[in-house]
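Chemist: I am sharing data28.cif, which consists of mmCIF, N, CA and C atoms and all ligand atoms:
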```
data_data
#
loop_
_atom_site.label_atom_id
_atom_site.label_comp_id
_atom_site.auth_asym_id
_atom_site.auth_seq_id
_atom_site.Cartn_x
_atom_site.Cartn_y
_atom_site.Cartn_z
N MET D 1 -17.32 3.11 3.97
CA MET D 1 -15.87 3.16 4.23
C MET D 1 -15.63 3.46 5.71
N LYS D 2 -14.73 2.69 6.30
CA LYS D 2 -14.41 2.89 7.71
C LYS D 2 -13.71 4.23 7.92
N LYS D 3 -14.08 4.91 9.00
CA LYS D 3 -13.48 6.23 9.29
C LYS D 3 -12.64 6.16 10.56
N ILE D 4 -11.39 6.55 10.43
CA ILE D 4 -10.48 6.47 11.57
C ILE D 4 -9.91 7.85 11.88
N LEU D 5 -9.97 8.20 13.15
CA LEU D 5 -9.38 9.47 13.60
C LEU D 5 -7.98 9.19 14.14
N VAL D 6 -7.00 9.89 13.57
CA VAL D 6 -5.61 9.73 14.03
C VAL D 6 -5.24 10.97 14.84
N ILE D 7 -4.90 10.73 16.10
CA ILE D 7 -4.58 11.83 17.01
C ILE D 7 -3.10 11.77 17.40
N ASN D 8 -2.42 12.88 17.24
CA ASN D 8 -1.03 13.00 17.70
C ASN D 8 -0.95 14.09 18.76
N GLY D 9 -0.33 13.76 19.87
CA GLY D 9 -0.26 14.67 21.00
C GLY D 9 0.92 15.63 20.95
N PRO D 10 1.25 16.22 22.11
CA PRO D 10 2.20 17.32 22.18
C PRO D 10 3.59 17.01 21.64
N ASN D 11 4.12 18.00 20.96
CA ASN D 11 5.49 18.00 20.43
C ASN D 11 5.69 17.11 19.21
N LEU D 12 4.67 16.37 18.83
CA LEU D 12 4.83 15.54 17.62
C LEU D 12 4.80 16.42 16.36
N ASN D 13 4.30 17.64 16.50
CA ASN D 13 4.40 18.61 15.38
C ASN D 13 5.85 19.04 15.15
N LEU D 14 6.73 18.74 16.11
CA LEU D 14 8.15 19.11 15.97
C LEU D 14 9.02 17.93 15.52
N LEU D 15 8.39 16.90 15.02
CA LEU D 15 9.19 15.77 14.50
C LEU D 15 10.19 16.30 13.48
N GLY D 16 11.37 15.68 13.47
CA GLY D 16 12.43 16.14 12.57
C GLY D 16 13.39 17.02 13.33
N LEU D 17 12.82 18.01 14.04
CA LEU D 17 13.62 18.92 14.87
C LEU D 17 13.89 18.30 16.24
N ARG D 18 12.89 17.55 16.70
CA ARG D 18 12.86 17.07 18.07
C ARG D 18 13.70 15.79 18.25
N GLU D 19 14.75 15.87 19.05
CA GLU D 19 15.56 14.69 19.38
C GLU D 19 15.59 13.66 18.24
N PRO D 20 16.20 14.04 17.11
CA PRO D 20 16.16 13.14 15.94
C PRO D 20 16.79 11.78 16.18
N SER D 21 17.71 11.71 17.16
CA SER D 21 18.32 10.40 17.42
C SER D 21 17.29 9.42 17.99
N LEU D 22 16.23 9.97 18.60
CA LEU D 22 15.17 9.12 19.15
C LEU D 22 13.99 8.98 18.19
N TYR D 23 13.57 10.15 17.66
CA TYR D 23 12.31 10.19 16.90
C TYR D 23 12.49 10.21 15.39
N GLY D 24 13.76 10.28 14.93
CA GLY D 24 14.02 10.24 13.50
C GLY D 24 14.12 11.62 12.87
N ALA D 25 14.54 11.64 11.62
CA ALA D 25 14.81 12.90 10.91
C ALA D 25 13.60 13.40 10.13
N LYS D 26 12.60 12.55 9.97
CA LYS D 26 11.44 12.95 9.17
C LYS D 26 10.49 13.82 9.98
N ASP D 27 9.87 14.78 9.31
CA ASP D 27 9.02 15.74 10.03
C ASP D 27 7.55 15.30 10.09
N TYR D 28 6.74 16.13 10.75
CA TYR D 28 5.32 15.79 10.94
C TYR D 28 4.58 15.71 9.60
N ALA D 29 4.98 16.56 8.65
CA ALA D 29 4.35 16.51 7.33
C ALA D 29 4.59 15.14 6.68
N ALA D 30 5.79 14.61 6.88
CA ALA D 30 6.11 13.28 6.33
C ALA D 30 5.28 12.20 7.02
N LEU D 31 5.06 12.36 8.34
CA LEU D 31 4.22 11.39 9.05
C LEU D 31 2.79 11.44 8.51
N LYS D 32 2.30 12.65 8.28
CA LYS D 32 0.93 12.78 7.75
C LYS D 32 0.82 12.10 6.39
N GLU D 33 1.82 12.34 5.53
CA GLU D 33 1.83 11.70 4.21
C GLU D 33 1.84 10.18 4.32
N HIS D 34 2.68 9.68 5.24
CA HIS D 34 2.79 8.23 5.46
C HIS D 34 1.42 7.65 5.85
N ILE D 35 0.76 8.32 6.77
CA ILE D 35 -0.54 7.82 7.27
C ILE D 35 -1.58 7.88 6.15
N LEU D 36 -1.61 8.99 5.43
CA LEU D 36 -2.64 9.15 4.39
C LEU D 36 -2.42 8.16 3.25
N SER D 37 -1.16 7.88 2.90
CA SER D 37 -0.93 6.93 1.80
C SER D 37 -1.27 5.52 2.25
N CYS D 38 -1.01 5.21 3.52
CA CYS D 38 -1.39 3.91 4.05
C CYS D 38 -2.92 3.76 4.06
N ALA D 39 -3.61 4.82 4.48
CA ALA D 39 -5.08 4.79 4.53
C ALA D 39 -5.66 4.56 3.13
N GLU D 40 -5.06 5.21 2.14
CA GLU D 40 -5.55 5.06 0.77
C GLU D 40 -5.42 3.61 0.30
N LYS D 41 -4.26 3.00 0.61
CA LYS D 41 -4.03 1.59 0.23
C LYS D 41 -5.03 0.67 0.92
N LEU D 42 -5.36 0.99 2.16
CA LEU D 42 -6.28 0.13 2.93
C LEU D 42 -7.74 0.41 2.61
N GLY D 43 -7.99 1.51 1.93
CA GLY D 43 -9.38 1.88 1.64
C GLY D 43 -10.13 2.36 2.86
N VAL D 44 -9.42 3.06 3.75
CA VAL D 44 -10.11 3.65 4.90
C VAL D 44 -9.98 5.18 4.82
N TYR D 45 -10.96 5.87 5.42
CA TYR D 45 -10.93 7.32 5.48
C TYR D 45 -10.24 7.72 6.79
N VAL D 46 -9.25 8.60 6.67
CA VAL D 46 -8.53 9.03 7.87
C VAL D 46 -8.62 10.54 8.02
N GLU D 47 -8.84 10.98 9.25
CA GLU D 47 -8.72 12.40 9.55
C GLU D 47 -7.58 12.56 10.55
N LEU D 48 -6.73 13.57 10.32
CA LEU D 48 -5.55 13.76 11.17
C LEU D 48 -5.75 14.94 12.11
N PHE D 49 -5.39 14.74 13.36
CA PHE D 49 -5.52 15.80 14.35
C PHE D 49 -4.26 15.81 15.21
N GLN D 50 -3.67 16.99 15.38
CA GLN D 50 -2.51 17.11 16.28
C GLN D 50 -2.78 18.28 17.22
N SER D 51 -2.48 18.08 18.50
CA SER D 51 -2.60 19.19 19.44
C SER D 51 -1.59 19.06 20.56
N ASN D 52 -1.18 20.22 21.06
CA ASN D 52 -0.29 20.26 22.22
C ASN D 52 -1.08 20.41 23.52
N HIS D 53 -2.42 20.37 23.41
CA HIS D 53 -3.28 20.69 24.56
C HIS D 53 -4.15 19.49 24.96
N GLU D 54 -4.07 19.12 26.19
CA GLU D 54 -4.81 17.96 26.70
C GLU D 54 -6.31 18.08 26.45
N GLY D 55 -6.88 19.26 26.80
CA GLY D 55 -8.33 19.44 26.65
C GLY D 55 -8.77 19.35 25.20
N ALA D 56 -7.94 19.84 24.29
CA ALA D 56 -8.29 19.77 22.86
C ALA D 56 -8.31 18.31 22.39
N ILE D 57 -7.43 17.51 22.97
CA ILE D 57 -7.41 16.08 22.61
C ILE D 57 -8.65 15.39 23.18
N VAL D 58 -9.02 15.75 24.41
CA VAL D 58 -10.25 15.22 25.01
C VAL D 58 -11.45 15.59 24.14
N ASP D 59 -11.51 16.86 23.70
CA ASP D 59 -12.62 17.30 22.83
C ASP D 59 -12.65 16.48 21.54
N ALA D 60 -11.49 16.26 20.94
CA ALA D 60 -11.44 15.51 19.67
C ALA D 60 -11.94 14.07 19.87
N ILE D 61 -11.57 13.47 20.98
CA ILE D 61 -12.03 12.10 21.27
C ILE D 61 -13.55 12.10 21.46
N GLN D 62 -14.06 13.06 22.20
CA GLN D 62 -15.52 13.14 22.41
C GLN D 62 -16.25 13.32 21.09
N GLU D 63 -15.70 14.19 20.22
CA GLU D 63 -16.36 14.45 18.93
C GLU D 63 -16.27 13.27 17.98
N ALA D 64 -15.38 12.33 18.27
CA ALA D 64 -15.26 11.13 17.41
C ALA D 64 -16.48 10.23 17.57
N TYR D 65 -17.16 10.36 18.72
CA TYR D 65 -18.34 9.50 18.96
C TYR D 65 -19.42 9.75 17.91
N GLY D 66 -19.80 8.68 17.25
CA GLY D 66 -20.84 8.79 16.21
C GLY D 66 -20.29 9.24 14.86
N ASN D 67 -19.04 9.65 14.82
CA ASN D 67 -18.45 10.14 13.56
C ASN D 67 -17.31 9.28 13.04
N PHE D 68 -16.72 8.47 13.90
CA PHE D 68 -15.59 7.63 13.49
C PHE D 68 -15.79 6.20 13.99
N ASN D 69 -15.14 5.26 13.29
CA ASN D 69 -15.22 3.85 13.67
C ASN D 69 -14.06 3.40 14.56
N GLY D 70 -13.04 4.25 14.65
CA GLY D 70 -11.90 3.87 15.48
C GLY D 70 -10.96 5.04 15.66
N ILE D 71 -10.09 4.90 16.64
CA ILE D 71 -9.11 5.96 16.96
C ILE D 71 -7.72 5.35 17.01
N LEU D 72 -6.79 6.01 16.32
CA LEU D 72 -5.37 5.67 16.42
C LEU D 72 -4.72 6.86 17.12
N ILE D 73 -4.12 6.62 18.27
CA ILE D 73 -3.62 7.76 19.06
C ILE D 73 -2.19 7.57 19.54
N ASN D 74 -1.38 8.61 19.29
CA ASN D 74 -0.09 8.72 19.97
C ASN D 74 -0.26 9.89 20.94
N PRO D 75 -0.55 9.58 22.21
CA PRO D 75 -0.82 10.65 23.18
C PRO D 75 0.44 11.39 23.61
N ALA D 76 1.61 10.94 23.11
CA ALA D 76 2.90 11.56 23.46
C ALA D 76 3.05 11.65 24.97
N ALA D 77 3.48 12.80 25.51
CA ALA D 77 3.74 12.87 26.96
C ALA D 77 2.48 12.61 27.79
N TYR D 78 1.30 12.92 27.23
CA TYR D 78 0.05 12.69 27.98
C TYR D 78 -0.23 11.21 28.23
N THR D 79 0.46 10.34 27.48
CA THR D 79 0.38 8.90 27.71
C THR D 79 0.54 8.58 29.19
N HIS D 80 1.54 9.28 29.78
CA HIS D 80 2.01 8.91 31.12
C HIS D 80 1.34 9.71 32.24
N THR D 81 0.47 10.65 31.84
CA THR D 81 -0.09 11.55 32.87
C THR D 81 -1.61 11.70 32.82
N SER D 82 -2.23 11.39 31.67
CA SER D 82 -3.59 11.89 31.47
C SER D 82 -4.71 10.90 31.77
N VAL D 83 -5.30 11.08 32.95
CA VAL D 83 -6.52 10.33 33.28
C VAL D 83 -7.66 10.85 32.39
N ALA D 84 -7.63 12.15 32.06
CA ALA D 84 -8.71 12.74 31.26
C ALA D 84 -8.78 12.10 29.86
N ILE D 85 -7.65 11.83 29.26
CA ILE D 85 -7.66 11.20 27.92
C ILE D 85 -8.12 9.75 28.05
N LEU D 86 -7.65 9.05 29.07
CA LEU D 86 -8.14 7.68 29.31
C LEU D 86 -9.65 7.68 29.49
N ASP D 87 -10.17 8.57 30.32
CA ASP D 87 -11.61 8.60 30.58
C ASP D 87 -12.41 8.92 29.32
N ALA D 88 -11.88 9.82 28.48
CA ALA D 88 -12.58 10.16 27.23
C ALA D 88 -12.63 8.94 26.31
N LEU D 89 -11.52 8.21 26.23
CA LEU D 89 -11.50 7.00 25.38
C LEU D 89 -12.49 5.97 25.90
N LYS D 90 -12.54 5.81 27.23
CA LYS D 90 -13.49 4.86 27.81
C LYS D 90 -14.92 5.31 27.58
N ALA D 91 -15.15 6.62 27.63
CA ALA D 91 -16.51 7.15 27.46
C ALA D 91 -17.05 6.88 26.07
N VAL D 92 -16.25 7.15 25.05
CA VAL D 92 -16.77 6.98 23.68
C VAL D 92 -16.69 5.51 23.25
N ALA D 93 -15.81 4.75 23.92
CA ALA D 93 -15.71 3.30 23.74
C ALA D 93 -15.51 2.87 22.29
N LEU D 94 -14.75 3.64 21.53
CA LEU D 94 -14.43 3.25 20.15
C LEU D 94 -13.20 2.34 20.16
N PRO D 95 -13.10 1.43 19.17
CA PRO D 95 -11.87 0.65 19.05
C PRO D 95 -10.67 1.60 18.95
N THR D 96 -9.66 1.33 19.76
CA THR D 96 -8.54 2.27 19.87
C THR D 96 -7.21 1.55 19.85
N VAL D 97 -6.30 2.09 19.05
CA VAL D 97 -4.92 1.60 19.04
C VAL D 97 -4.02 2.74 19.53
N GLU D 98 -3.13 2.40 20.44
CA GLU D 98 -2.14 3.35 20.96
C GLU D 98 -0.82 3.10 20.22
N VAL D 99 -0.20 4.16 19.76
CA VAL D 99 1.07 3.99 19.04
C VAL D 99 2.12 4.93 19.60
N HIS D 100 3.35 4.44 19.66
CA HIS D 100 4.50 5.27 20.05
C HIS D 100 5.63 5.02 19.07
N LEU D 101 6.29 6.09 18.68
CA LEU D 101 7.42 5.96 17.75
C LEU D 101 8.56 5.18 18.40
N THR D 102 8.80 5.48 19.66
CA THR D 102 9.89 4.83 20.39
C THR D 102 9.33 3.69 21.25
N ASP D 103 10.25 2.91 21.79
CA ASP D 103 9.82 1.83 22.68
C ASP D 103 9.82 2.36 24.12
N ILE D 104 8.65 2.76 24.59
CA ILE D 104 8.57 3.42 25.90
C ILE D 104 8.95 2.47 27.05
N SER D 105 8.93 1.17 26.78
CA SER D 105 9.26 0.21 27.85
C SER D 105 10.76 0.16 28.14
N THR D 106 11.57 0.72 27.23
CA THR D 106 13.02 0.65 27.44
C THR D 106 13.63 2.03 27.72
N ARG D 107 12.76 3.04 27.93
CA ARG D 107 13.27 4.39 28.19
C ARG D 107 13.20 4.71 29.69
N GLU D 108 13.09 5.98 30.04
CA GLU D 108 13.08 6.34 31.46
C GLU D 108 11.90 5.66 32.17
N ASP D 109 12.06 5.44 33.47
CA ASP D 109 11.00 4.77 34.24
C ASP D 109 9.65 5.47 34.12
N PHE D 110 9.65 6.82 34.08
CA PHE D 110 8.37 7.53 34.07
C PHE D 110 7.60 7.31 32.77
N ARG D 111 8.28 6.78 31.73
CA ARG D 111 7.58 6.50 30.46
C ARG D 111 7.01 5.09 30.40
N LYS D 112 7.32 4.29 31.41
CA LYS D 112 6.94 2.86 31.33
C LYS D 112 5.46 2.64 31.57
N PHE D 113 4.84 3.56 32.31
CA PHE D 113 3.40 3.40 32.56
C PHE D 113 2.58 4.24 31.58
N SER D 114 1.56 3.62 31.01
CA SER D 114 0.66 4.33 30.09
C SER D 114 -0.77 4.24 30.57
N PHE D 115 -1.40 5.39 30.85
CA PHE D 115 -2.84 5.39 31.19
C PHE D 115 -3.66 4.88 30.01
N VAL D 116 -3.27 5.29 28.80
CA VAL D 116 -4.05 4.94 27.60
C VAL D 116 -4.06 3.43 27.37
N SER D 117 -2.98 2.75 27.76
CA SER D 117 -2.92 1.28 27.61
C SER D 117 -4.00 0.57 28.44
N LEU D 118 -4.53 1.27 29.45
CA LEU D 118 -5.57 0.65 30.28
C LEU D 118 -6.87 0.50 29.50
N TYR D 119 -6.98 1.24 28.38
CA TYR D 119 -8.17 1.08 27.53
C TYR D 119 -7.85 0.52 26.14
N ALA D 120 -6.74 0.94 25.54
CA ALA D 120 -6.47 0.61 24.13
C ALA D 120 -6.48 -0.91 23.90
N GLN D 121 -7.06 -1.32 22.77
CA GLN D 121 -7.10 -2.74 22.45
C GLN D 121 -5.75 -3.25 21.98
N LYS D 122 -4.91 -2.31 21.54
CA LYS D 122 -3.59 -2.70 21.04
C LYS D 122 -2.64 -1.54 21.27
N THR D 123 -1.39 -1.87 21.63
CA THR D 123 -0.35 -0.84 21.78
C THR D 123 0.84 -1.25 20.94
N ILE D 124 1.30 -0.30 20.12
CA ILE D 124 2.43 -0.58 19.23
C ILE D 124 3.55 0.40 19.57
N CYS D 125 4.72 -0.13 19.89
CA CYS D 125 5.83 0.73 20.34
C CYS D 125 7.11 0.44 19.56
N GLY D 126 7.86 1.50 19.32
CA GLY D 126 9.23 1.32 18.85
C GLY D 126 9.37 0.98 17.38
N LYS D 127 8.33 1.19 16.59
CA LYS D 127 8.40 0.86 15.16
C LYS D 127 8.39 2.10 14.27
N GLY D 128 8.58 3.28 14.88
CA GLY D 128 8.60 4.50 14.09
C GLY D 128 7.29 4.68 13.32
N PHE D 129 7.40 5.23 12.11
CA PHE D 129 6.19 5.50 11.30
C PHE D 129 5.43 4.20 11.01
N ASP D 130 6.15 3.08 10.90
CA ASP D 130 5.47 1.80 10.59
C ASP D 130 4.45 1.41 11.65
N GLY D 131 4.64 1.90 12.87
CA GLY D 131 3.66 1.61 13.93
C GLY D 131 2.29 2.17 13.58
N TYR D 132 2.28 3.31 12.89
CA TYR D 132 1.00 3.92 12.49
C TYR D 132 0.33 3.05 11.43
N SER D 133 1.12 2.52 10.48
CA SER D 133 0.52 1.65 9.45
C SER D 133 -0.06 0.40 10.10
N GLU D 134 0.71 -0.17 11.03
CA GLU D 134 0.24 -1.38 11.70
C GLU D 134 -1.06 -1.12 12.46
N GLY D 135 -1.14 0.04 13.10
CA GLY D 135 -2.35 0.41 13.83
C GLY D 135 -3.54 0.58 12.89
N LEU D 136 -3.29 1.20 11.75
CA LEU D 136 -4.38 1.39 10.77
C LEU D 136 -4.85 0.05 10.23
N ILE D 137 -3.91 -0.85 9.95
CA ILE D 137 -4.27 -2.18 9.45
C ILE D 137 -5.16 -2.89 10.47
N PHE D 138 -4.79 -2.79 11.74
CA PHE D 138 -5.58 -3.42 12.81
C PHE D 138 -6.99 -2.83 12.83
N LEU D 139 -7.10 -1.50 12.80
CA LEU D 139 -8.42 -0.86 12.89
C LEU D 139 -9.24 -1.11 11.63
N ALA D 140 -8.58 -1.16 10.48
CA ALA D 140 -9.29 -1.40 9.22
C ALA D 140 -9.88 -2.81 9.20
N GLY D 141 -9.22 -3.72 9.91
CA GLY D 141 -9.66 -5.13 9.89
C GLY D 141 -10.77 -5.43 10.86
N LEU D 142 -11.09 -4.49 11.74
CA LEU D 142 -12.15 -4.76 12.73
C LEU D 142 -13.51 -4.73 12.05
N GLU D 143 -14.42 -5.45 12.59
CA GLU D 143 -15.80 -5.41 12.10
C GLU D 143 -16.32 -3.96 12.19
N ALA D 144 -17.17 -3.59 11.27
CA ALA D 144 -17.76 -2.24 11.31
C ALA D 144 -18.52 -2.07 12.62
N VAL D 145 -18.40 -0.89 13.18
CA VAL D 145 -19.11 -0.65 14.46
C VAL D 145 -20.16 0.45 14.28
C1 LIG E 201 6.15 9.10 22.42
C2 LIG E 201 6.80 8.63 23.74
C3 LIG E 201 6.45 9.57 24.89
O1 LIG E 201 7.06 9.12 26.10
C4 LIG E 201 6.93 10.97 24.60
O2 LIG E 201 6.55 11.85 25.63
C5 LIG E 201 6.49 11.46 23.26
C6 LIG E 201 6.48 10.55 22.12
C7 LIG E 201 6.61 8.25 21.22
O3 LIG E 201 5.98 8.37 20.16
O4 LIG E 201 7.58 7.51 21.31
O5 LIG E 201 6.21 12.65 23.10
O6 LIG E 201 4.74 8.94 22.54
#
```
How would this structure read if it were set down as structure tokens?
Ligand code: DQA
Modeler:
Amino acid sequence: MKKILVINGPNLNLLGLREPSLYGAKDYAALKEHILSCAEKLGVYVELFQSNHEGAIVDAIQEAYGNFNGILINPAAYTHTSVAILDALKAVALPTVEVHLTDISTREDFRKFSFVSLYAQKTICGKGFDGYSEGLIFLAGLEAV
């Protein structure tokens, strides 16, 4: 069974509370349920990780090497700032999908650039929770690595 690590970055634990007009009314627990039920339907094993700390996300990516077949990541604000997360993704070289709840291309200018996009094989934006399902479908369909 394919193993996928799902990483959510800073403030995504505050979904529901956080700017609901942008990110929706559903909370992080609902996002976890959505991802796990999608994984079950696809027949993939998913582990969920959320952190507000850049280094902890780098550690999780490093630990995915040899343990997971792919990474689905919403780096949140670190999308736009983190060379360290980009370098970790390049180092472990696992198939990676970047996902954003909102469409970062139509928001403030500082959100338009993504370091993670320089490595990710696919970027999904502006589809809310469905972006996570789409990312899982993509990773589930890749040849085993
Ligand atoms: C986000 C977009 C980022 O710009 C923002 O900092 C987030 C969430 C999204 O899912 O739309 O925290 O990654």
Chemist: Could you check the closest approach to Gly55 in chain D for each of D:Ile85, D:Leu136, D:Ala39, D:Gly24 and tell me which residue wins, using all atoms listed in the file?
Modeler: D:Ile85
Chemist: Could you give me, as a PyMOL selection string, the residues within 6.5 Å of range 120-134 of chain D, counting only N, CA and C atoms and dropping anything in the same chain fewer than 4 positions from it?
Modeler: chain D and resi 35+38+95-104+116+138-139
Chemist: Could you tell me how far atom O1 of ligand LIG 201 (chain E) lies from atom N of Ile7 in chain D, in Å and to one decimal?
Modeler: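 Computing the Euclidean distance for atom O1 of ligand LIG 201 (chain E) and atom N of Ile7 in chain D yields 15.7 Å.
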Chemist: What is the distance between CA of Thr81 in chain D and CA of Pro20 in chain D, in Å to one decimal?
Modeler: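 So the two atoms, CA of Thr81 in chain D and CA of Pro20 in chain D, lie 23.5 Å apart.
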Chemist: Taking the DSSP assignment computed from this structure's backbone, write out as an mmCIF file with N, CA and C atoms, keeping the file's coordinate frame all residues of range 12-126 of chain D that belong to strand (DSSP E or B).
Modeler:
```cif
data_model
loop_
_atom_site.group_PDB
_atom_site.id
_atom_site.type_symbol
_atom_site.label_atom_id
_atom_site.label_comp_id
_atom_site.auth_asym_id
_atom_site.auth_seq_id
_atom_site.Cartn_x
_atom_site.Cartn_y
_atom_site.Cartn_z
ATOM 1 N N TYR D 45 -10.960 5.870 5.420
ATOM 2 C CA TYR D 45 -10.930 7.320 5.480
ATOM 3 C C TYR D 45 -10.240 7.720 6.790
ATOM 4 N N VAL D 46 -9.250 8.600 6.670
ATOM 5 C CA VAL D 46 -8.530 9.030 7.870
ATOM 6 C C VAL D 46 -8.620 10.540 8.020
ATOM 7 N N GLU D 47 -8.840 10.980 9.250
ATOM 8 C CA GLU D 47 -8.720 12.400 9.550
ATOM 9 C C GLU D 47 -7.580 12.560 10.550
ATOM 10 N N LEU D 48 -6.730 13.570 10.320
ATOM 11 C CA LEU D 48 -5.550 13.760 11.170
ATOM 12 C C LEU D 48 -5.750 14.940 12.110
ATOM 13 N N PHE D 49 -5.390 14.740 13.360
ATOM 14 C CA PHE D 49 -5.520 15.800 14.350
ATOM 15 C C PHE D 49 -4.260 15.810 15.210
ATOM 16 N N GLN D 50 -3.670 16.990 15.380
ATOM 17 C CA GLN D 50 -2.510 17.110 16.280
ATOM 18 C C GLN D 50 -2.780 18.280 17.220
ATOM 19 N N GLY D 70 -13.040 4.250 14.650
ATOM 20 C CA GLY D 70 -11.900 3.870 15.480
ATOM 21 C C GLY D 70 -10.960 5.040 15.660
ATOM 22 N N ILE D 71 -10.090 4.900 16.640
ATOM 23 C CA ILE D 71 -9.110 5.960 16.960
ATOM 24 C C ILE D 71 -7.720 5.350 17.010
ATOM 25 N N LEU D 72 -6.790 6.010 16.320
ATOM 26 C CA LEU D 72 -5.370 5.670 16.420
ATOM 27 C C LEU D 72 -4.720 6.860 17.120
ATOM 28 N N ILE D 73 -4.120 6.620 18.270
ATOM 29 C CA ILE D 73 -3.620 7.760 19.060
ATOM 30 C C ILE D 73 -2.190 7.570 19.540
ATOM 31 N N ASN D 74 -1.380 8.610 19.290
ATOM 32 C CA ASN D 74 -0.090 8.720 19.970
ATOM 33 C C ASN D 74 -0.260 9.890 20.940
ATOM 34 N N THR D 96 -9.660 1.330 19.760
ATOM 35 C CA THR D 96 -8.540 2.270 19.870
ATOM 36 C C THR D 96 -7.210 1.550 19.850
ATOM 37 N N VAL D 97 -6.300 2.090 19.050
ATOM 38 C CA VAL D 97 -4.920 1.600 19.040
ATOM 39 C C VAL D 97 -4.020 2.740 19.530
ATOM 40 N N GLU D 98 -3.130 2.400 20.440
ATOM 41 C CA GLU D 98 -2.140 3.350 20.960
ATOM 42 C C GLU D 98 -0.820 3.100 20.220
ATOM 43 N N VAL D 99 -0.200 4.160 19.760
ATOM 44 C CA VAL D 99 1.070 3.990 19.040
ATOM 45 C C VAL D 99 2.120 4.930 19.600
ATOM 46 N N HIS D 100 3.350 4.440 19.660
ATOM 47 C CA HIS D 100 4.500 5.270 20.050
ATOM 48 C C HIS D 100 5.630 5.020 19.070
ATOM 49 N N LYS D 122 -4.910 -2.310 21.540
ATOM 50 C CA LYS D 122 -3.590 -2.700 21.040
ATOM 51 C C LYS D 122 -2.640 -1.540 21.270
ATOM 52 N N THR D 123 -1.390 -1.870 21.630
ATOM 53 C CA THR D 123 -0.350 -0.840 21.780
ATOM 54 C C THR D 123 0.840 -1.250 20.940
ATOM 55 N N ILE D 124 1.300 -0.300 20.120
ATOM 56 C CA ILE D 124 2.430 -0.580 19.230
ATOM 57 C C ILE D 124 3.550 0.400 19.570
ATOM 58 N N CYS D 125 4.720 -0.130 19.890
ATOM 59 C CA CYS D 125 5.830 0.730 20.340
ATOM 60 C C CYS D 125 7.110 0.440 19.560
#
```
Chemist: Given the point (5.1, 14.0, 23.8) in the file's coordinates, find the residues that have an atom at most 6.5 Å from it, counting all atoms listed in the file, and give them as a CSV table (one decimal) with N, CA and C atoms, keeping the file's coordinate frame.
Modeler:
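See part.csv below for the written result:
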```csv
chain,number,residue,atom,x,y,z
D,9,GLY,N,-0.3,13.8,19.9
D,9,GLY,CA,-0.3,14.7,21.0
D,9,GLY,C,0.9,15.6,21.0
D,10,PRO,N,1.2,16.2,22.1
D,10,PRO,CA,2.2,17.3,22.2
D,10,PRO,C,3.6,17.0,21.6
D,11,ASN,N,4.1,18.0,21.0
D,11,ASN,CA,5.5,18.0,20.4
D,11,ASN,C,5.7,17.1,19.2
D,12,LEU,N,4.7,16.4,18.8
D,12,LEU,CA,4.8,15.5,17.6
D,12,LEU,C,4.8,16.4,16.4
D,75,PRO,N,-0.6,9.6,22.2
D,75,PRO,CA,-0.8,10.6,23.2
D,75,PRO,C,0.4,11.4,23.6
D,76,ALA,N,1.6,10.9,23.1
D,76,ALA,CA,2.9,11.6,23.5
D,76,ALA,C,3.0,11.6,25.0
D,77,ALA,N,3.5,12.8,25.5
D,77,ALA,CA,3.7,12.9,27.0
D,77,ALA,C,2.5,12.6,27.8
D,78,TYR,N,1.3,12.9,27.2
D,78,TYR,CA,0.0,12.7,28.0
D,78,TYR,C,-0.2,11.2,28.2
```
Chemist: When DSSP is applied to the backbone of this structure, which of range 3-143 of chain D are assigned alpha helix (DSSP H)? Write them out as number ranges by chain.
Modeler: D: 20-23, 28-42, 54-64, 83-92, 130-141
Chemist: When you count only C-alpha atoms and all ligand atoms, which of these residues is closest to ligand LIG 201 (chain E): D:Asn67, D:Asn74, D:Ser117, D:Asn13?
Modeler: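 Under the stated criterion, the closest residue is D:Asn74.
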Chemist: Between CA of Val83 in chain D and CA of Phe115 in chain D, what distance in Å does the model show, to one decimal?
Modeler: 6.5 Å
Chemist: Leaving out Phe49 in chain D and any residue of its chain fewer than 3 positions from it, which residues lie within 8 Å of it when counting only N, CA and C atoms, given as JSON, numbers by chain?
Modeler: {"D": [5, 6, 7, 8, 9, 46, 52, 60]}
Chemist: Take the selection from the previous step and output its residues with N, CA and C atoms, as a short mmCIF file (atom, residue, chain, number, x, y, z; two decimals), in the coordinates of the input.
Modeler:
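Below is the file result.cif, written as the result:
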```cif
data_model
loop_
_atom_site.label_atom_id
_atom_site.label_comp_id
_atom_site.auth_asym_id
_atom_site.auth_seq_id
_atom_site.Cartn_x
_atom_site.Cartn_y
_atom_site.Cartn_z
N LEU D 5 -9.97 8.20 13.15
CA LEU D 5 -9.38 9.47 13.60
C LEU D 5 -7.98 9.19 14.14
N VAL D 6 -7.00 9.89 13.57
CA VAL D 6 -5.61 9.73 14.03
C VAL D 6 -5.24 10.97 14.84
N ILE D 7 -4.90 10.73 16.10
CA ILE D 7 -4.58 11.83 17.01
C ILE D 7 -3.10 11.77 17.40
N ASN D 8 -2.42 12.88 17.24
CA ASN D 8 -1.03 13.00 17.70
C ASN D 8 -0.95 14.09 18.76
N GLY D 9 -0.33 13.76 19.87
CA GLY D 9 -0.26 14.67 21.00
C GLY D 9 0.92 15.63 20.95
N VAL D 46 -9.25 8.60 6.67
CA VAL D 46 -8.53 9.03 7.87
C VAL D 46 -8.62 10.54 8.02
N ASN D 52 -1.18 20.22 21.06
CA ASN D 52 -0.29 20.26 22.22
C ASN D 52 -1.08 20.41 23.52
N ALA D 60 -11.49 16.26 20.94
CA ALA D 60 -11.44 15.51 19.67
C ALA D 60 -11.94 14.07 19.87
#
```
Chemist: Find the residue from D:Arg111, D:Ser82, D:Ala29, D:Leu48 that sits nearest to Ala64 in chain D; use only C-alpha atoms when measuring.
Modeler: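 Answer, going by the shortest atom-to-atom distance: D:Leu48.
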Chemist: Nearest to ligand LIG 201 (chain E) among D:Ala84, D:Val44, D:Ile73, D:Ala30, with distances taken over only N, CA and C atoms and all ligand atoms: which residue is it?
Modeler: D:Ile73
Chemist: Tell me which of D:Phe110, D:Tyr45, D:Tyr65, D:Tyr28 sits closest to ligand LIG 201 (chain E), counting all atoms listed in the file.
Modeler: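 The shortest atom-to-atom distance to ligand LIG 201 (chain E) comes from D:Phe110.
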